[in-house]
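The file my_file.cif contains mmCIF, C-alpha atoms:
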data_entry
#
loop_
_atom_site.label_atom_id
_atom_site.label_comp_id
_atom_site.auth_asym_id
_atom_site.auth_seq_id
_atom_site.Cartn_x
_atom_site.Cartn_y
_atom_site.Cartn_z
CA MET B 1 58.57 256.52 -0.79
CA SER B 2 56.18 257.31 -3.64
CA LYS B 3 54.99 260.79 -4.47
CA ASN B 4 51.40 262.04 -4.45
CA ILE B 5 49.27 261.58 -7.59
CA ASN B 6 47.02 264.21 -9.17
CA LEU B 7 43.81 262.26 -9.83
CA THR B 8 42.11 265.04 -11.79
CA GLU B 9 44.02 264.32 -15.00
CA GLY B 10 45.27 261.41 -17.11
CA ASN B 11 43.70 258.15 -18.22
CA ILE B 12 40.96 257.21 -15.75
CA SER B 13 41.41 253.43 -15.78
CA SER B 14 45.20 253.53 -15.36
CA THR B 15 45.07 256.34 -12.77
CA LEU B 16 42.40 254.61 -10.71
CA THR B 17 44.13 251.24 -10.92
CA LYS B 18 47.53 252.72 -10.04
CA LEU B 19 46.00 254.24 -6.92
CA ALA B 20 43.77 251.27 -6.06
CA LEU B 21 46.19 248.34 -6.29
CA PRO B 22 48.41 249.38 -3.35
CA ILE B 23 45.32 250.24 -1.27
CA MET B 24 43.83 246.84 -2.06
CA GLY B 25 47.17 245.33 -1.08
CA THR B 26 47.06 247.25 2.20
CA SER B 27 43.52 245.97 2.86
CA PHE B 28 44.70 242.44 2.11
CA ILE B 29 47.50 242.93 4.62
CA GLN B 30 45.01 244.06 7.29
CA MET B 31 43.00 240.91 6.59
CA MET B 32 46.14 238.78 6.88
CA TYR B 33 46.81 240.10 10.41
CA ASN B 34 43.56 238.49 11.56
CA LEU B 35 43.91 235.37 9.42
CA THR B 36 47.42 234.77 10.73
CA ASP B 37 46.20 234.96 14.33
CA MET B 38 43.25 232.66 13.57
CA MET B 39 45.46 230.15 11.75
CA TRP B 40 47.89 229.77 14.65
CA LEU B 41 45.20 229.90 17.35
CA GLY B 42 43.28 227.19 15.48
CA ARG B 43 46.24 224.94 16.24
CA LEU B 44 45.80 225.66 19.94
CA SER B 45 42.06 225.02 20.22
CA THR B 46 38.66 226.02 18.87
CA LYS B 47 38.07 227.78 22.19
CA ALA B 48 41.10 230.01 21.58
CA VAL B 49 39.66 230.95 18.18
CA ALA B 50 36.29 231.70 19.78
CA GLY B 51 37.96 233.85 22.45
CA ALA B 52 39.95 235.91 19.95
CA GLY B 53 36.92 236.12 17.66
CA THR B 54 34.81 237.54 20.47
CA VAL B 55 37.38 240.27 21.09
CA GLY B 56 37.43 240.89 17.35
CA PHE B 57 34.03 242.57 17.63
CA PHE B 58 35.46 245.21 20.00
CA MET B 59 38.39 245.73 17.64
CA TRP B 60 35.84 246.16 14.86
CA PHE B 61 33.94 248.74 16.92
CA GLY B 62 37.24 250.51 17.58
CA MET B 63 37.94 250.66 13.86
CA SER B 64 34.45 252.12 13.47
CA LEU B 65 35.48 254.94 15.80
CA VAL B 66 38.59 255.48 13.67
CA LEU B 67 36.29 256.18 10.71
CA ILE B 68 35.21 259.45 12.35
CA SER B 69 38.65 260.91 11.74
CA SER B 70 39.84 258.83 8.78
CA ILE B 71 36.77 259.44 6.59
CA GLY B 72 36.57 263.10 7.60
CA VAL B 73 40.26 263.64 6.87
CA SER B 74 40.17 261.58 3.66
CA VAL B 75 37.27 263.55 2.17
CA GLY B 76 38.62 266.90 3.39
CA VAL B 77 42.13 266.28 2.08
CA SER B 78 41.07 264.84 -1.29
CA GLN B 79 38.67 267.72 -2.01
CA ALA B 80 41.30 270.24 -0.86
CA TYR B 81 43.76 268.63 -3.27
CA GLY B 82 41.22 269.00 -6.06
CA ARG B 83 40.94 272.73 -5.23
CA GLU B 84 44.74 272.95 -4.88
CA ASP B 85 44.30 274.32 -1.34
CA MET B 86 47.18 272.75 0.62
CA GLU B 87 46.65 274.93 3.68
CA ASP B 88 43.14 273.48 4.05
CA ALA B 89 44.49 269.94 3.60
CA ARG B 90 47.10 270.41 6.34
CA GLU B 91 44.52 271.74 8.79
CA TYR B 92 42.29 268.70 8.17
CA ILE B 93 45.26 266.39 8.79
CA SER B 94 46.37 268.10 11.99
CA SER B 95 42.88 268.27 13.49
CA GLY B 96 41.99 264.74 12.44
CA ILE B 97 45.05 263.10 14.00
CA LYS B 98 44.49 264.90 17.32
CA LEU B 99 40.81 263.92 17.40
CA ASP B 100 41.69 260.32 16.53
CA ILE B 101 44.27 260.01 19.34
CA LEU B 102 41.81 261.39 21.91
CA ILE B 103 39.07 258.95 20.88
CA GLY B 104 41.56 256.06 20.88
CA ILE B 105 42.77 256.76 24.43
CA ILE B 106 39.21 256.99 25.79
CA TYR B 107 38.09 253.78 24.08
CA SER B 108 41.16 251.84 25.23
CA LEU B 109 40.61 252.88 28.85
CA LEU B 110 36.94 251.87 28.71
CA LEU B 111 37.84 248.42 27.37
CA LEU B 112 40.41 247.90 30.12
CA ILE B 113 38.11 249.05 32.92
CA PHE B 114 35.06 247.09 31.76
CA ARG B 115 36.80 244.09 30.14
CA HIS B 116 34.94 241.50 32.24
CA GLN B 117 31.56 243.08 31.57
CA VAL B 118 32.01 243.38 27.80
CA ILE B 119 33.16 239.76 27.46
CA GLY B 120 30.27 238.70 29.72
CA PHE B 121 27.80 240.21 27.23
CA PHE B 122 28.14 237.18 24.93
CA ASN B 123 27.12 234.60 27.57
CA LEU B 124 29.76 232.22 26.20
CA GLY B 125 29.06 229.80 29.05
CA ASP B 126 32.46 228.12 28.89
CA ALA B 127 34.83 229.40 31.61
CA GLU B 128 37.97 228.62 29.62
CA THR B 129 36.75 230.51 26.54
CA ILE B 130 35.78 233.50 28.71
CA GLN B 131 39.24 233.61 30.32
CA LEU B 132 40.98 233.33 26.95
CA ALA B 133 38.87 236.19 25.58
CA THR B 134 39.59 238.36 28.62
CA ASP B 135 43.35 237.74 28.38
CA TYR B 136 43.36 238.60 24.68
CA LEU B 137 41.28 241.77 25.19
CA THR B 138 43.48 243.06 28.02
CA ILE B 139 46.66 243.04 25.91
CA ILE B 140 44.94 244.35 22.77
CA ALA B 141 43.39 247.22 24.72
CA CYS B 142 46.78 248.25 26.14
CA GLY B 143 48.11 248.77 22.61
CA PHE B 144 44.91 249.81 20.89
CA ILE B 145 46.06 253.40 20.44
CA PHE B 146 48.38 252.21 17.66
CA HIS B 147 45.42 250.61 15.87
CA PHE B 148 43.84 254.07 15.92
CA ILE B 149 46.86 256.03 14.72
CA ASN B 150 47.86 253.90 11.73
CA PRO B 151 44.62 254.13 9.68
CA ILE B 152 44.60 257.93 9.92
CA TYR B 153 48.09 258.10 8.44
CA SER B 154 47.02 255.70 5.69
CA ALA B 155 43.96 257.86 4.97
CA VAL B 156 46.10 260.99 4.58
CA PHE B 157 48.51 259.39 2.12
CA ASN B 158 45.70 257.70 0.15
CA ALA B 159 43.67 260.91 -0.13
CA SER B 160 46.72 262.73 -1.49
CA GLY B 161 47.08 260.08 -4.19
CA ASN B 162 50.03 258.26 -2.58
CA SER B 163 48.88 254.71 -1.86
CA ILE B 164 52.30 253.09 -2.21
CA THR B 165 53.64 254.40 1.10
CA PRO B 166 50.85 252.91 3.30
CA PHE B 167 51.20 249.61 1.43
CA ILE B 168 54.94 249.38 2.09
CA ILE B 169 54.65 250.37 5.74
CA ASN B 170 51.74 248.02 6.49
CA THR B 171 53.61 245.19 4.75
CA MET B 172 56.45 245.69 7.23
CA GLY B 173 53.92 245.39 10.04
CA LEU B 174 52.45 242.20 8.60
CA VAL B 175 55.89 240.59 8.29
CA THR B 176 56.52 241.48 11.93
CA ASN B 177 53.21 239.87 12.95
CA ILE B 178 53.83 236.71 10.89
CA VAL B 179 57.27 236.25 12.46
CA LEU B 180 56.19 236.97 16.04
CA ASP B 181 52.92 234.96 16.09
CA PRO B 182 54.35 231.41 16.26
CA ILE B 183 57.31 232.55 18.37
CA LEU B 184 55.15 234.11 21.09
CA ILE B 185 52.18 231.71 20.90
CA PHE B 186 54.18 228.46 21.09
CA GLY B 187 57.39 229.71 22.74
CA ILE B 188 60.07 229.16 20.13
CA GLY B 189 63.71 229.58 21.17
CA PRO B 190 64.26 231.66 24.33
CA PHE B 191 60.67 232.93 24.37
CA PRO B 192 58.12 231.39 26.79
CA GLU B 193 54.91 229.81 25.50
CA MET B 194 52.22 232.50 25.85
CA GLY B 195 49.28 230.99 23.96
CA ILE B 196 46.53 233.47 23.11
CA LYS B 197 48.40 236.21 25.00
CA GLY B 198 51.27 235.76 22.53
CA ALA B 199 48.93 236.30 19.58
CA ALA B 200 47.66 239.54 21.12
CA LEU B 201 51.17 240.77 21.93
CA ALA B 202 52.38 239.98 18.40
CA THR B 203 49.53 242.05 16.96
CA VAL B 204 50.28 245.01 19.23
CA LEU B 205 54.03 244.95 18.53
CA ALA B 206 53.39 244.83 14.78
CA GLN B 207 51.19 247.92 15.06
CA VAL B 208 53.90 249.69 17.09
CA VAL B 209 56.34 249.03 14.25
CA VAL B 210 53.89 250.50 11.72
CA THR B 211 53.28 253.62 13.82
CA SER B 212 57.02 254.18 14.31
CA ILE B 213 57.68 254.03 10.56
CA TYR B 214 54.76 256.36 9.80
CA ILE B 215 56.14 258.95 12.23
CA VAL B 216 59.58 258.82 10.59
CA VAL B 217 58.13 259.09 7.07
CA SER B 218 55.69 261.88 7.95
CA ARG B 219 58.50 264.05 9.28
CA LYS B 220 60.05 264.01 5.82
CA ASN B 221 56.77 265.05 4.13
CA LYS B 222 56.61 268.78 4.83
CA GLU B 223 53.83 269.33 2.31
CA LEU B 224 51.30 267.35 4.36
CA PHE B 225 52.59 267.30 7.93
CA SER B 226 54.35 270.63 8.49
CA HIS B 227 51.47 271.93 10.68
CA LEU B 228 51.20 268.81 12.85
CA HIS B 229 51.66 270.16 16.39
CA LEU B 230 50.15 267.52 18.69
CA PHE B 231 50.05 269.71 21.79
CA LYS B 232 48.30 272.59 20.06
CA LEU B 233 44.50 272.68 20.17
CA PRO B 234 42.85 271.92 16.79
CA LYS B 235 40.65 274.48 15.08
CA LYS B 236 36.97 274.06 15.94
CA ASN B 237 35.68 274.54 12.40
CA TYR B 238 37.86 271.67 11.12
CA ILE B 239 36.78 269.40 13.97
CA LYS B 240 33.15 270.16 13.09
CA GLY B 241 33.86 269.46 9.42
CA ILE B 242 35.53 266.14 10.24
CA LEU B 243 32.67 265.09 12.53
CA LYS B 244 30.09 266.02 9.90
CA LEU B 245 31.83 263.89 7.29
CA GLY B 246 33.04 261.01 9.44
CA PHE B 247 30.35 260.52 12.08
CA PRO B 248 27.78 258.95 9.71
CA ALA B 249 30.40 256.39 8.61
CA PHE B 250 31.11 255.60 12.28
CA LEU B 251 27.40 255.16 13.00
CA GLN B 252 27.06 252.77 10.08
CA SER B 253 30.11 250.66 10.95
CA GLY B 254 29.51 250.88 14.71
CA ALA B 255 25.91 249.77 14.30
CA HIS B 256 27.09 246.92 12.06
CA ALA B 257 29.59 245.80 14.71
CA SER B 258 26.99 246.05 17.49
CA ILE B 259 24.43 244.11 15.46
CA SER B 260 27.03 241.43 14.74
CA MET B 261 27.66 241.15 18.49
CA VAL B 262 23.95 240.46 19.01
CA LEU B 263 23.98 237.87 16.21
CA THR B 264 26.99 236.19 17.84
CA LYS B 265 25.11 236.13 21.14
CA ILE B 266 22.24 234.37 19.35
CA LEU B 267 24.72 231.85 17.90
CA ALA B 268 26.35 231.26 21.30
CA LYS B 269 23.35 229.19 22.47
CA TRP B 270 24.62 226.47 20.09
CA GLY B 271 28.00 226.50 21.86
CA PRO B 272 31.48 227.98 21.22
CA THR B 273 32.01 226.15 17.91
CA PRO B 274 29.54 228.26 15.83
CA VAL B 275 31.09 231.39 17.38
CA ALA B 276 34.52 230.22 16.28
CA VAL B 277 33.15 229.28 12.85
CA GLN B 278 31.70 232.74 12.32
CA SER B 279 34.94 234.35 13.54
CA VAL B 280 37.10 232.37 11.12
CA GLY B 281 34.51 232.45 8.34
CA SER B 282 34.16 236.22 8.46
CA GLN B 283 37.94 236.56 8.10
CA ILE B 284 37.96 234.25 5.08
CA GLU B 285 34.98 236.09 3.61
CA SER B 286 36.85 239.36 4.05
CA ILE B 287 39.03 238.39 1.08
CA SER B 288 36.36 239.99 -1.09
CA TRP B 289 34.99 242.81 1.01
CA MET B 290 38.31 244.09 2.34
CA THR B 291 39.71 244.04 -1.18
CA ALA B 292 36.60 245.96 -2.27
CA GLU B 293 37.10 248.40 0.61
CA GLY B 294 40.61 249.03 -0.66
CA PHE B 295 39.23 249.88 -4.07
CA SER B 296 36.47 251.89 -2.38
CA THR B 297 39.12 254.05 -0.70
CA ALA B 298 40.67 254.65 -4.12
CA ILE B 299 37.25 255.55 -5.55
CA ALA B 300 36.66 257.96 -2.66
CA ALA B 301 40.00 259.70 -3.26
CA PHE B 302 39.46 259.78 -7.03
CA VAL B 303 35.89 261.06 -6.73
CA GLY B 304 36.87 263.52 -3.99
CA GLN B 305 39.66 265.17 -5.98
CA ASN B 306 37.60 265.37 -9.16
CA TYR B 307 34.49 266.52 -7.30
CA GLY B 308 36.57 269.24 -5.65
CA ALA B 309 37.84 270.24 -9.10
CA ARG B 310 34.25 270.04 -10.47
CA ASN B 311 35.19 267.42 -13.06
CA TYR B 312 31.77 265.76 -12.82
CA ASP B 313 32.02 263.71 -16.02
CA ARG B 314 35.30 262.25 -14.77
CA VAL B 315 33.63 261.37 -11.45
CA LYS B 316 30.86 259.49 -13.30
CA GLU B 317 33.23 257.57 -15.56
CA GLY B 318 35.59 256.70 -12.71
CA TYR B 319 32.70 255.35 -10.61
CA TYR B 320 31.39 253.04 -13.34
CA LYS B 321 34.85 251.71 -14.15
CA GLY B 322 35.51 251.09 -10.47
CA LEU B 323 32.14 249.35 -10.11
CA ARG B 324 32.99 246.91 -12.89
CA ILE B 325 36.32 246.03 -11.27
CA VAL B 326 34.95 245.37 -7.78
CA GLY B 327 31.98 243.50 -9.25
CA THR B 328 34.42 241.12 -10.92
CA ILE B 329 36.13 240.59 -7.56
CA GLY B 330 32.75 239.81 -6.01
CA ILE B 331 31.86 237.23 -8.66
CA PHE B 332 35.21 235.50 -8.17
CA ALA B 333 34.67 235.42 -4.38
CA THR B 334 31.19 233.95 -4.84
CA ILE B 335 32.54 231.07 -6.91
CA LEU B 336 35.43 230.50 -4.47
CA LEU B 337 33.33 230.43 -1.29
CA ILE B 338 30.49 228.33 -2.68
CA PHE B 339 32.61 225.65 -4.32
CA ALA B 340 35.84 225.62 -2.27
CA GLY B 341 34.66 226.58 1.21
CA GLU B 342 35.50 223.30 2.96
CA PRO B 343 39.18 222.97 1.94
CA ILE B 344 39.73 226.67 2.70
CA PHE B 345 38.20 226.38 6.16
CA ARG B 346 40.17 223.22 6.92
CA ILE B 347 43.38 225.31 6.89
CA PHE B 348 42.28 227.17 10.02
CA THR B 349 40.75 224.39 12.18
CA PRO B 350 42.46 221.24 10.88
CA GLY B 351 41.63 219.11 13.91
CA ASP B 352 37.94 219.94 14.35
CA ALA B 353 35.65 218.12 11.92
CA THR B 354 32.53 219.81 13.30
CA ALA B 355 33.96 223.28 12.81
CA ILE B 356 35.06 222.41 9.27
CA ALA B 357 31.58 221.14 8.34
CA GLN B 358 29.86 224.19 9.82
CA GLY B 359 32.45 226.50 8.26
CA ALA B 360 31.78 225.14 4.79
CA ILE B 361 28.06 225.87 5.27
CA TYR B 362 28.80 229.40 6.50
CA LEU B 363 31.00 230.21 3.50
CA ARG B 364 28.48 228.74 1.07
CA ILE B 365 25.62 230.86 2.48
CA LEU B 366 27.65 234.07 2.59
CA GLY B 367 29.07 233.32 -0.84
CA PHE B 368 25.77 234.25 -2.48
CA SER B 369 26.12 237.85 -1.30
CA GLN B 370 29.74 238.56 -2.29
CA PHE B 371 28.98 240.38 -5.56
CA PHE B 372 26.49 242.61 -3.78
CA ILE B 373 28.77 243.48 -0.87
CA THR B 374 31.51 244.59 -3.28
CA ILE B 375 29.26 246.96 -5.26
CA GLU B 376 27.82 248.31 -1.99
CA ILE B 377 31.31 249.11 -0.71
CA ALA B 378 32.31 250.74 -4.02
CA SER B 379 29.19 252.91 -3.95
CA THR B 380 29.93 253.86 -0.34
CA GLY B 381 33.34 255.14 -1.46
CA ALA B 382 31.71 257.21 -4.20
CA PHE B 383 29.23 258.76 -1.76
CA ASN B 384 32.09 259.51 0.66
CA GLY B 385 34.04 261.18 -2.14
CA ILE B 386 31.26 263.69 -2.81
CA GLY B 387 30.81 264.29 0.92
CA ARG B 388 27.38 262.63 1.25
CA THR B 389 28.47 260.12 3.88
CA GLN B 390 25.03 260.06 5.49
CA ILE B 391 23.39 258.15 2.61
CA PRO B 392 25.35 254.86 2.94
CA ALA B 393 25.13 255.25 6.72
CA ILE B 394 21.33 255.40 6.71
CA THR B 395 20.85 252.50 4.30
CA GLY B 396 23.46 250.40 6.11
CA ILE B 397 22.03 250.96 9.59
CA ILE B 398 18.46 250.20 8.53
CA LEU B 399 19.22 247.02 6.60
CA ASN B 400 21.81 245.73 9.08
CA SER B 401 19.32 246.26 11.91
CA LEU B 402 16.85 243.99 10.10
CA ARG B 403 19.37 241.18 10.50
CA ILE B 404 18.41 240.71 14.16
CA PRO B 405 14.67 239.99 13.68
CA GLY B 406 15.57 238.08 10.54
CA ALA B 407 18.06 235.92 12.46
CA LEU B 408 15.62 235.28 15.32
CA LEU B 409 12.87 234.33 12.88
CA LEU B 410 14.93 232.12 10.58
CA SER B 411 16.91 230.41 13.36
CA SER B 412 13.63 229.39 15.04
CA THR B 413 12.76 227.28 11.97
CA ILE B 414 14.36 224.10 10.67
CA LEU B 415 17.29 226.27 9.52
CA GLY B 416 18.56 226.49 13.10
CA MET B 417 21.81 228.40 13.51
CA THR B 418 22.21 228.70 9.72
CA GLY B 419 19.20 231.04 9.82
CA VAL B 420 21.53 233.65 11.40
CA TRP B 421 23.87 233.38 8.44
CA TRP B 422 21.05 233.49 5.88
CA SER B 423 19.79 236.70 7.51
CA MET B 424 23.25 238.24 7.07
CA SER B 425 23.53 237.19 3.43
CA ILE B 426 20.05 238.34 2.40
CA SER B 427 20.43 241.79 3.99
CA THR B 428 23.79 242.23 2.22
CA ILE B 429 22.18 241.52 -1.15
CA PHE B 430 19.57 244.22 -0.57
CA LYS B 431 22.19 246.74 0.62
CA GLY B 432 24.19 246.30 -2.57
CA ILE B 433 21.18 246.73 -4.82
CA ILE B 434 19.78 249.76 -2.99
CA LEU B 435 22.97 251.78 -2.42
CA THR B 436 24.25 251.27 -5.96
CA SER B 437 20.87 252.31 -7.36
CA LEU B 438 20.94 255.44 -5.20
CA PHE B 439 24.33 256.58 -6.48
CA MET B 440 23.28 255.94 -10.05
CA TYR B 441 20.26 258.15 -9.35
CA VAL B 442 22.54 260.90 -7.96
CA ILE B 443 24.63 260.73 -11.14
CA LYS B 444 21.52 260.92 -13.31
CA LYS B 445 20.14 263.84 -11.31
CA GLY B 446 23.46 265.71 -11.52
CA LEU B 447 26.44 265.74 -9.14
CA HIS B 448 26.37 269.52 -8.92
CA THR B 449 22.95 269.44 -7.20
CA LYS B 450 22.52 268.84 -3.48
#
Kindly transcribe the structure held in the file into structure tokens.
Amino acid sequence: MSKNINLTEGNISSTLTKLALPIMGTSFIQMMYNLTDMMWLGRLSTKAVAGAGTVGFFMWFGMSLVLISSIGVSVGVSQAYGREDMEDAREYISSGIKLDILIGIIYSLLLLIFRHQVIGFFNLGDAETIQLATDYLTIIACGFIFHFINPIYSAVFNASGNSITPFIINTMGLVTNIVLDPILIFGIGPFPEMGIKGAALATVLAQVVVTSIYIVVSRKNKELFSHLHLFKLPKKNYIKGILKLGFPAFLQSGAHASISMVLTKILAKWGPTPVAVQSVGSQIESISWMTAEGFSTAIAAFVGQNYGARNYDRVKEGYYKGLRIVGTIGIFATILLIFAGEPIFRIFTPGDATAIAQGAIYLRILGFSQFFITIEIASTGAFNGIGRTQIPAITGIILNSLRIPGALLLSSTILGMTGVWWSMSISTIFKGIILTSLFMYVIKKGLHTK
């Protein structure tokens, strides 16, 4: 596996790109997990896609909870690296993993206990869709702890400048998922046909594979994981530090997930097809924003190490170069979604003309905001790197919250259900403009000032 990279020296563009490309690849792999499930489930029925898409919101909220530890550990480790304080880095890692496991166990149990109530929130109306969603959630919840563990390991390696290792390990998980999905869904060979349950089981087993490999690799990395004693209580000051850094990011992402649940509930009055369309469409749209999030993670690690080393000019230059790269990705995504939305969507629901038509509209509307979502995500990474995680959290929560009244207002006009999607796109445009402007102001004011 690759070694850690010192991000405080060397050519900025090559250093940032060398770190970012594997992280972007890892983000693409995470996206492919969901797209693979949606692609195969689309060949079962639109209701199966709607059921899995509904559960996807609870997986999203779970990943928001992971941010508490992963962001806290990422910022703590990267800044410790910049200061060349490995003892501090190891304490952040040890405390963060223990906190993450505890949160994951609690959340998984809550989903299992209240699975009928949480699925009932959406008022899907269709009994078959509700049962499919419940079946999918039950299996996912049983293995959700692995979804919690893997991102924290990725965060540790990325923050230390080693993005190759998470990429390789997550690729192994994706290959596992791709192989198992059709086998378990349709019952190939000696395996019984499991339908949506097979898709859930394939996802869980792939995550188990990833966790197992991470554990093996981490045991060989004494520099980072020598103090990882899972049955020893973490130090309170590090838990407080992690919560201070990571909790705002959780609030932002958790609020976003919760708001999206409400928007889906608004859409559900038009039937299960728009719910399925938004589920598939959001996965297709994630080509841009998950790629940008990968680069954002690289920006956070780069900024964190250089901020810790007080190389403020290098922080500034790295941010602007990163912004140009993700902005280019956003422009490409805009062109792709606006002009090629229909043939892309057809891949996932080939037998449903209504879903294809609605999907093309969804991608076209969200396409207008792709540039802005990429620069917002890049700026979030920069704020995380300097430890000011509360700024993107505040702007994100406020503007995402405005989506609900916006959706209710616009969907009550001739726009109908597309008003929900226009509300999402417009708020994203404003988030990108505002957050990027705020970080530029911080740079102008001086990174050394609080």
- Task: In the coordinates of the file, take the point (44.4, 272.5, 10.9) and a cut-off of 10 Å; then, counting all atoms listed in the file, name each qualifying protein, DNA or RNA residue as a list of chain:residue names.
- Result: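 The residues that fall inside the cut-off are B:Glu87, B:Asp88, B:Ala89, B:Arg90, B:Glu91, B:Tyr92, B:Ile93, B:Ser94, B:Ser95, B:Gly96, B:Ile97, B:Lys98, B:His227, B:Leu228, B:His229, B:Lys232, B:Leu233, B:Pro234, B:Lys235, B:Lys236, B:Asn237, B:Tyr238, B:Ile239.
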Taking only residues of stretch 216-266 of chain B that have an atom at most 12 Å from an atom of stretch 423-436 of chain B, what is each one's shortest atom pair and its distance in Å to one decimal, using only C-alpha atoms, in chain and number order, as CSV?
residue,atom,partner,partner_atom,distance
B:His256,CA,B:Met424,CA,10.7
B:Ile259,CA,B:Met424,CA,10.3
B:Ser260,CA,B:Met424,CA,9.1
B:Leu263,CA,B:Met424,CA,9.2
B:Thr264,CA,B:Met424,CA,11.6
- Message: I'd like to know which of B:Glu293, B:Glu376, B:Glu342, B:Asp352 is closest to B:Phe28, using only C-alpha atoms.
- Response: B:Glu293
- Message: Running the PyMOL selection byres ((chain B and resi 184) around 12) on this model by hand, what would come out? Give it as a PyMOL selection string.
- Response: chain B and resi 37+40-41+176-183+185-203+205
- Residue nearest B:Gly419 - candidates B:Gly246, B:Thr36, B:Ile287, B:Arg403, atoms counted: only C-alpha atoms: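 The answer is B:Arg403, which sits nearest to B:Gly419.
The interatomic distance for the pair atom CA of B:Ser45 and atom CA of B:Ser288 works out to 26.7 Å.
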- Message: I need the output of the PyMOL selection byres ((chain B and resi 74) around 9) for this file as a PyMOL selection string; which residues are they?
- Response: chain B and resi 69-73+75-79+92-93+152+155-160+297+300-301+304+384-385
- If the PyMOL selection byres ((chain B and resi 313) around 12) is run on the structure shown, which residues does it catch, given as a ChimeraX atom specification? /B:8,12,303,306-307,309-312,314-320,443-444,446-448
- Message: I need the residue nearest B:Ile361 from this list: B:Asn123, B:Ser253, B:Gln278, B:Asn400. Use all atoms listed in the file for the distance.
- Response: B:Gln278
- To one decimal in Å, tell me the separation between atom CA of B:Met63 and atom CA of B:Val280. 18.5 Å
- Which residue out of B:Leu110, B:Ala50, B:Val175, B:Ile164 has the minimum interatomic distance to B:Tyr33 when all atoms listed in the file are used? B:Val175
- Rounded to one decimal in Å, what is the spacing between atom CA of B:Gly82 and atom CA of B:Ile168? 25.3 Å
- Message: With all atoms listed in the file as the counted atoms, please give the residues lying no more than 10 Å from B:Phe247, apart from itself and same-chain residues fewer than 3 positions off, as a ChimeraX atom specification.
- Response: /B:64-69,71-72,241-244,250-253,389-390,393
- Given all atoms listed in the file as the counted atoms, nearest of B:Phe295, B:Phe146, B:Phe302, B:Tyr362 to B:Leu21: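 Selected residue with least distance to B:Leu21: B:Phe295.
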- Message: Given all atoms listed in the file as the basis, pick out the residue of B:Ile338, B:Leu174, B:Ala52, B:Ile139 nearest to B:Ser279.
- Response: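 Answer, going by the shortest atom-to-atom distance: B:Ala52.
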Quick one: axis-aligned box around all listed atoms of stretch 219-223 of chain B, 5 Å on every side, centre and edge lengths in Å to one decimal, written as JSON.
{"center_x": 56.9, "center_y": 266.7, "center_z": 5.8, "size_x": 16.2, "size_y": 15.3, "size_z": 17.0}
- Excluding B:Ile347 and residues on its chain fewer than 6 positions from it, collect all residues at most 12 Å away from it, counting all atoms listed in the file, and give them as a VMD selection string. chain B and resid 35 to 36 38 to 43 280 to 281 284 340 to 341 353 355 to 356 359 to 360
Can you write out the residues you just picked, keeping C-alpha atoms, as a compact mmCIF listing (two decimals), in the frame of the given file?
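Output below, filename out_34.txt:
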# COMPACT_ATOMS: atom_id res chain seq x y z
CA LEU B 35 43.91 235.37 9.42
CA THR B 36 47.42 234.77 10.73
CA MET B 38 43.25 232.66 13.57
CA MET B 39 45.46 230.15 11.75
CA TRP B 40 47.89 229.77 14.65
CA LEU B 41 45.20 229.90 17.35
CA GLY B 42 43.28 227.19 15.48
CA ARG B 43 46.24 224.94 16.24
CA VAL B 280 37.10 232.37 11.12
CA GLY B 281 34.51 232.45 8.34
CA ILE B 284 37.96 234.25 5.08
CA ALA B 340 35.84 225.62 -2.27
CA GLY B 341 34.66 226.58 1.21
CA ALA B 353 35.65 218.12 11.92
CA ALA B 355 33.96 223.28 12.81
CA ILE B 356 35.06 222.41 9.27
CA GLY B 359 32.45 226.50 8.26
CA ALA B 360 31.78 225.14 4.79
